[in-house]
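A.B. asks: So that we are looking at the same thing, I have put the structure below in structure tokens.
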Amino acid sequence: MSDQHVTAIEGRPLPGEIVAAMERGEWKFPRDDSITASIFTEAPTSSARLYSVELMVTENAAWRASAPDQQEQYGGPGSEAEAEGYLVIDPQSSILIGDLGYDMPVALDYSVSPGRPRVVYLPSRAPGWIEVARDVPEFLRLIKTGPQTPGRSPRITQVSWGSMTVDTLGTGKDFKLHPGGGREWDWSETGTRHDPGIQPADVQELVDRGCRVVVLSRGMELRLQTMPETVAHLEENGIEVHVLETRAAVELYNRLTESVPVGGLFHSTC
């Protein structure tokens with residue numbers, strides 16, 4: 001089987017950037033294990049590898065055919081991780097693309113965007129998966145150059161009911177911000193609701209982006225809750241947490257951007 005003629009794995013399109021990286025000989029983990037560890041939050045084993053197309057075919061066929069209890073064990077639907085609000089991966093909407101060792105898989109998750117899958121990883125210390133790159137181009141940059149030193153967190157320049165404006169990111173309703181950037185915060189990614197509120201899965205990206213302080217907003221009318229497990233998860237990672245009404249959260253966050261790696265979740269309505 002020739003890599004360049006295969007465009008889908010188990011019915012899911014394999015991004016062309018991956019095929020091109022294979023052809024260039026760049027589809028591999030860095031030689032320096034410390035770079036790989038900085039990307040995935042833990043060191044690779046001696047058997048770490050990014051899969052060839054042929055191996056993707058066999059590994060994904062086996063994964064999708066596995067019993068429900070085995071899928072739960074690997075952070076799939078119905079797992080304890082899902083019940084606790086962590087990121088879970090459905091074999092039907094993802095592709096395994098490598099591993100850092102036994103029971104340490106790396107995958108493409110198509111559930112957020114069918115045309116732009118994110119790259120996720122299941123740590124050996126799971127309860128759930130973590131996002132390591134927003135898309136394949138970012139992942140390829142990471143394995144080629146390693147994580148870059150994050151810049152200052154972007155300031156919020158305007159906030160009103162239903163609208164926020166953030167430096168370099170523009171205007172939107174809700175935002176997830178961290179050192180070096182951010183994006184609009186889409187509650188549907190993790191099924192967030194006002195009650196029970198912000199989940200551990202919502203803040204994992206802030207942990208992964210190197211935040212040392214996290215500011216969580218409660219909305220303009222204080223309707224947005226924060227799960228106790230979320231605060232505990234941040235504190236277990238050595239992160240200082242502040243939970244405030246949205247305008248107060250914005251004020252504190254903007255002040256902290258001047259001195260510390262700060263991130264936050266900001267909700268501009270109730």
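Residue names in the structure tokens use chain letters A, B, ... in the order shown, residue numbers from 1 in each chain, and ligand numbers from 1 in the order shown.
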Please provide as a ChimeraX atom specification all residues within 8 Å of segment 245-261 of chain A, with the sequence filter that same-chain residues fewer than 2 positions apart are discarded (counting only C-alpha atoms).

C.D. replies: /A:152-156,159,178-179,210-213,215-222,242-243,263-264,266-268

A.B. asks: Any chance you could tabulate, as a tab-separated table, the residues of segment 195-244 of chain A at most 12 Å from segment 22-41 of chain A with each one's nearest atom pair and distance in Å to one decimal, using only C-alpha atoms, in chain and rising number order?

C.D. replies:
residue	atom	partner	partner_atom	distance
A:Val207	CA	A:Thr41	CA	10.4
A:Asp208	CA	A:Thr41	CA	8.1
A:Arg209	CA	A:Ile39	CA	10.2
A:Gly210	CA	A:Ser38	CA	10.8
A:Asn237	CA	A:Thr41	CA	12.0

A.B. asks: Store the residues picked out above, limited to C-alpha atoms, as a PDB file, in the first residue's frame.

C.D. replies:
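Result file out-v9.pdb:
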ATOM      1  CA  VAL A 207      -3.086  24.061  31.979  1.00  0.00           C
ATOM      2  CA  ASP A 208      -1.433  22.821  28.790  1.00  0.00           C
ATOM      3  CA  ARG A 209      -0.629  26.392  27.683  1.00  0.00           C
ATOM      4  CA  GLY A 210       1.448  27.108  30.778  1.00  0.00           C
ATOM      5  CA  ASN A 237      -1.385  21.620  38.836  1.00  0.00           C
TER       6      ASN A 237
END

A.B. asks: Would you list, as a PDB file with C-alpha atoms, in the first residue's frame, the residues of segment 141-225 of chain A that end up in strand (DSSP E) under DSSP run on this structure's backbone?

C.D. replies:
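The new file states_34.pdb reads:
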ATOM      1  CA  ILE A 156      -9.367  42.324  26.745  1.00  0.00           C
ATOM      2  CA  THR A 157     -10.023  45.835  25.424  1.00  0.00           C
ATOM      3  CA  GLN A 158     -13.821  45.922  25.612  1.00  0.00           C
ATOM      4  CA  VAL A 159     -16.541  43.990  27.408  1.00  0.00           C
ATOM      5  CA  SER A 160     -20.299  44.518  27.335  1.00  0.00           C
ATOM      6  CA  SER A 163     -19.647  41.127  23.291  1.00  0.00           C
ATOM      7  CA  MET A 164     -15.923  41.157  24.056  1.00  0.00           C
ATOM      8  CA  THR A 165     -12.962  42.458  22.077  1.00  0.00           C
ATOM      9  CA  VAL A 166      -9.520  40.930  22.582  1.00  0.00           C
ATOM     10  CA  GLY A 170     -11.096  40.418  17.491  1.00  0.00           C
ATOM     11  CA  THR A 171     -14.660  40.463  18.807  1.00  0.00           C
ATOM     12  CA  GLY A 172     -16.794  37.595  20.060  1.00  0.00           C
ATOM     13  CA  ASP A 174     -17.001  34.248  24.992  1.00  0.00           C
ATOM     14  CA  PHE A 175     -13.240  33.726  25.024  1.00  0.00           C
ATOM     15  CA  LYS A 176     -10.635  31.243  26.255  1.00  0.00           C
ATOM     16  CA  LEU A 177      -7.329  33.123  26.700  1.00  0.00           C
ATOM     17  CA  HIS A 178      -3.810  32.050  27.621  1.00  0.00           C
ATOM     18  CA  GLY A 181      -3.100  33.895  22.364  1.00  0.00           C
ATOM     19  CA  GLY A 182      -6.499  32.330  22.705  1.00  0.00           C
ATOM     20  CA  ARG A 183      -9.720  31.672  20.842  1.00  0.00           C
ATOM     21  CA  GLU A 184     -13.458  31.944  21.138  1.00  0.00           C
ATOM     22  CA  VAL A 213      -2.867  31.944  37.227  1.00  0.00           C
ATOM     23  CA  VAL A 214      -6.372  31.297  35.860  1.00  0.00           C
ATOM     24  CA  VAL A 215      -9.316  33.699  36.075  1.00  0.00           C
ATOM     25  CA  LEU A 216     -12.777  32.178  35.643  1.00  0.00           C
ATOM     26  CA  SER A 217     -15.729  34.479  35.014  1.00  0.00           C
TER      27      SER A 217
END

A.B. asks: Between A:Gln204, A:Gln225, A:Ser66, A:Thr145, which is the closest to Glu131 of chain A once you count only C-alpha atoms?

C.D. replies: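 Ranked by minimum distance to Glu131 of chain A, first place goes to A:Gln204.
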
A.B. asks: Between A:Leu87, A:Gln92, A:Pro137, A:Trp161, which is the closest to Ala62 of chain A once you count only C-alpha atoms?

C.D. replies: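 Of A:Leu87, A:Gln92, A:Pro137, A:Trp161, the one nearest Ala62 of chain A, counting only C-alpha atoms, is A:Gln92.
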
A.B. asks: DSSP says helix (DSSP H, G or I) for which residues of segment 59-244 of chain A? Put them as a ChimeraX atom specification?

C.D. replies: /A:59-65,68-73,80-83,91-93,136-145,187-189,200-208,228-236

A.B. asks: Let me see the file: selected residues, C-alpha atoms, as a PDB file, in the first residue's frame.

C.D. replies:
ATOM      1  CA  GLU A  59      -4.623  -0.014  14.555  1.00  0.00           C
ATOM      2  CA  ASN A  60      -7.821   1.911  13.850  1.00  0.00           C
ATOM      3  CA  ALA A  61      -9.692  -1.132  12.582  1.00  0.00           C
ATOM      4  CA  ALA A  62      -8.843  -2.919  15.833  1.00  0.00           C
ATOM      5  CA  TRP A  63      -9.697   0.133  17.947  1.00  0.00           C
ATOM      6  CA  ARG A  64     -13.112   0.611  16.392  1.00  0.00           C
ATOM      7  CA  ALA A  65     -13.878  -3.090  16.713  1.00  0.00           C
ATOM      8  CA  PRO A  68     -17.248  -1.063  24.780  1.00  0.00           C
ATOM      9  CA  ASP A  69     -15.498  -1.737  28.103  1.00  0.00           C
ATOM     10  CA  GLN A  70     -12.117  -1.531  26.374  1.00  0.00           C
ATOM     11  CA  GLN A  71     -13.099   1.741  24.712  1.00  0.00           C
ATOM     12  CA  GLU A  72     -14.122   3.076  28.128  1.00  0.00           C
ATOM     13  CA  GLN A  73     -10.702   2.082  29.468  1.00  0.00           C
ATOM     14  CA  GLU A  80     -15.229   7.599  34.240  1.00  0.00           C
ATOM     15  CA  ALA A  81     -13.343  10.461  32.585  1.00  0.00           C
ATOM     16  CA  GLU A  82     -16.501  11.481  30.715  1.00  0.00           C
ATOM     17  CA  ALA A  83     -18.554  11.412  33.908  1.00  0.00           C
ATOM     18  CA  PRO A  91     -13.307   5.845  18.050  1.00  0.00           C
ATOM     19  CA  GLN A  92     -15.975   6.589  15.442  1.00  0.00           C
ATOM     20  CA  SER A  93     -14.918  10.244  15.171  1.00  0.00           C
ATOM     21  CA  VAL A 136      -2.337  19.180  12.211  1.00  0.00           C
ATOM     22  CA  PRO A 137      -0.203  22.135  10.989  1.00  0.00           C
ATOM     23  CA  GLU A 138       0.389  23.206  14.588  1.00  0.00           C
ATOM     24  CA  PHE A 139       1.286  19.628  15.554  1.00  0.00           C
ATOM     25  CA  LEU A 140       3.778  19.353  12.690  1.00  0.00           C
ATOM     26  CA  ARG A 141       5.395  22.603  13.786  1.00  0.00           C
ATOM     27  CA  LEU A 142       5.659  21.306  17.342  1.00  0.00           C
ATOM     28  CA  ILE A 143       7.356  18.025  16.415  1.00  0.00           C
ATOM     29  CA  LYS A 144       9.732  19.922  14.136  1.00  0.00           C
ATOM     30  CA  THR A 145      10.668  22.847  16.376  1.00  0.00           C
ATOM     31  CA  TRP A 187     -19.333  25.622  25.175  1.00  0.00           C
ATOM     32  CA  SER A 188     -20.510  22.822  22.875  1.00  0.00           C
ATOM     33  CA  GLU A 189     -16.984  21.351  22.763  1.00  0.00           C
ATOM     34  CA  PRO A 200     -12.133  20.345  34.247  1.00  0.00           C
ATOM     35  CA  ALA A 201     -12.139  19.713  30.490  1.00  0.00           C
ATOM     36  CA  ASP A 202     -12.832  23.414  29.875  1.00  0.00           C
ATOM     37  CA  VAL A 203      -9.639  24.496  31.652  1.00  0.00           C
ATOM     38  CA  GLN A 204      -7.283  21.741  30.485  1.00  0.00           C
ATOM     39  CA  GLU A 205      -6.138  23.852  27.541  1.00  0.00           C
ATOM     40  CA  LEU A 206      -5.129  26.590  30.005  1.00  0.00           C
ATOM     41  CA  VAL A 207      -3.086  24.061  31.979  1.00  0.00           C
ATOM     42  CA  ASP A 208      -1.433  22.821  28.790  1.00  0.00           C
ATOM     43  CA  PRO A 228     -15.398  22.238  42.594  1.00  0.00           C
ATOM     44  CA  GLU A 229     -13.514  19.574  40.642  1.00  0.00           C
ATOM     45  CA  THR A 230     -12.358  22.250  38.206  1.00  0.00           C
ATOM     46  CA  VAL A 231     -10.818  24.403  40.925  1.00  0.00           C
ATOM     47  CA  ALA A 232      -9.240  21.311  42.475  1.00  0.00           C
ATOM     48  CA  HIS A 233      -7.783  20.267  39.101  1.00  0.00           C
ATOM     49  CA  LEU A 234      -6.159  23.660  38.598  1.00  0.00           C
ATOM     50  CA  GLU A 235      -4.794  23.800  42.123  1.00  0.00           C
ATOM     51  CA  GLU A 236      -3.382  20.276  41.793  1.00  0.00           C
TER      52      GLU A 236
END

A.B. asks: Which residue gives the smallest distance to Thr226 of chain A among A:Val53, A:Leu244, A:Ile198, A:Ile89, with only C-alpha atoms counted?

C.D. replies: A:Ile198
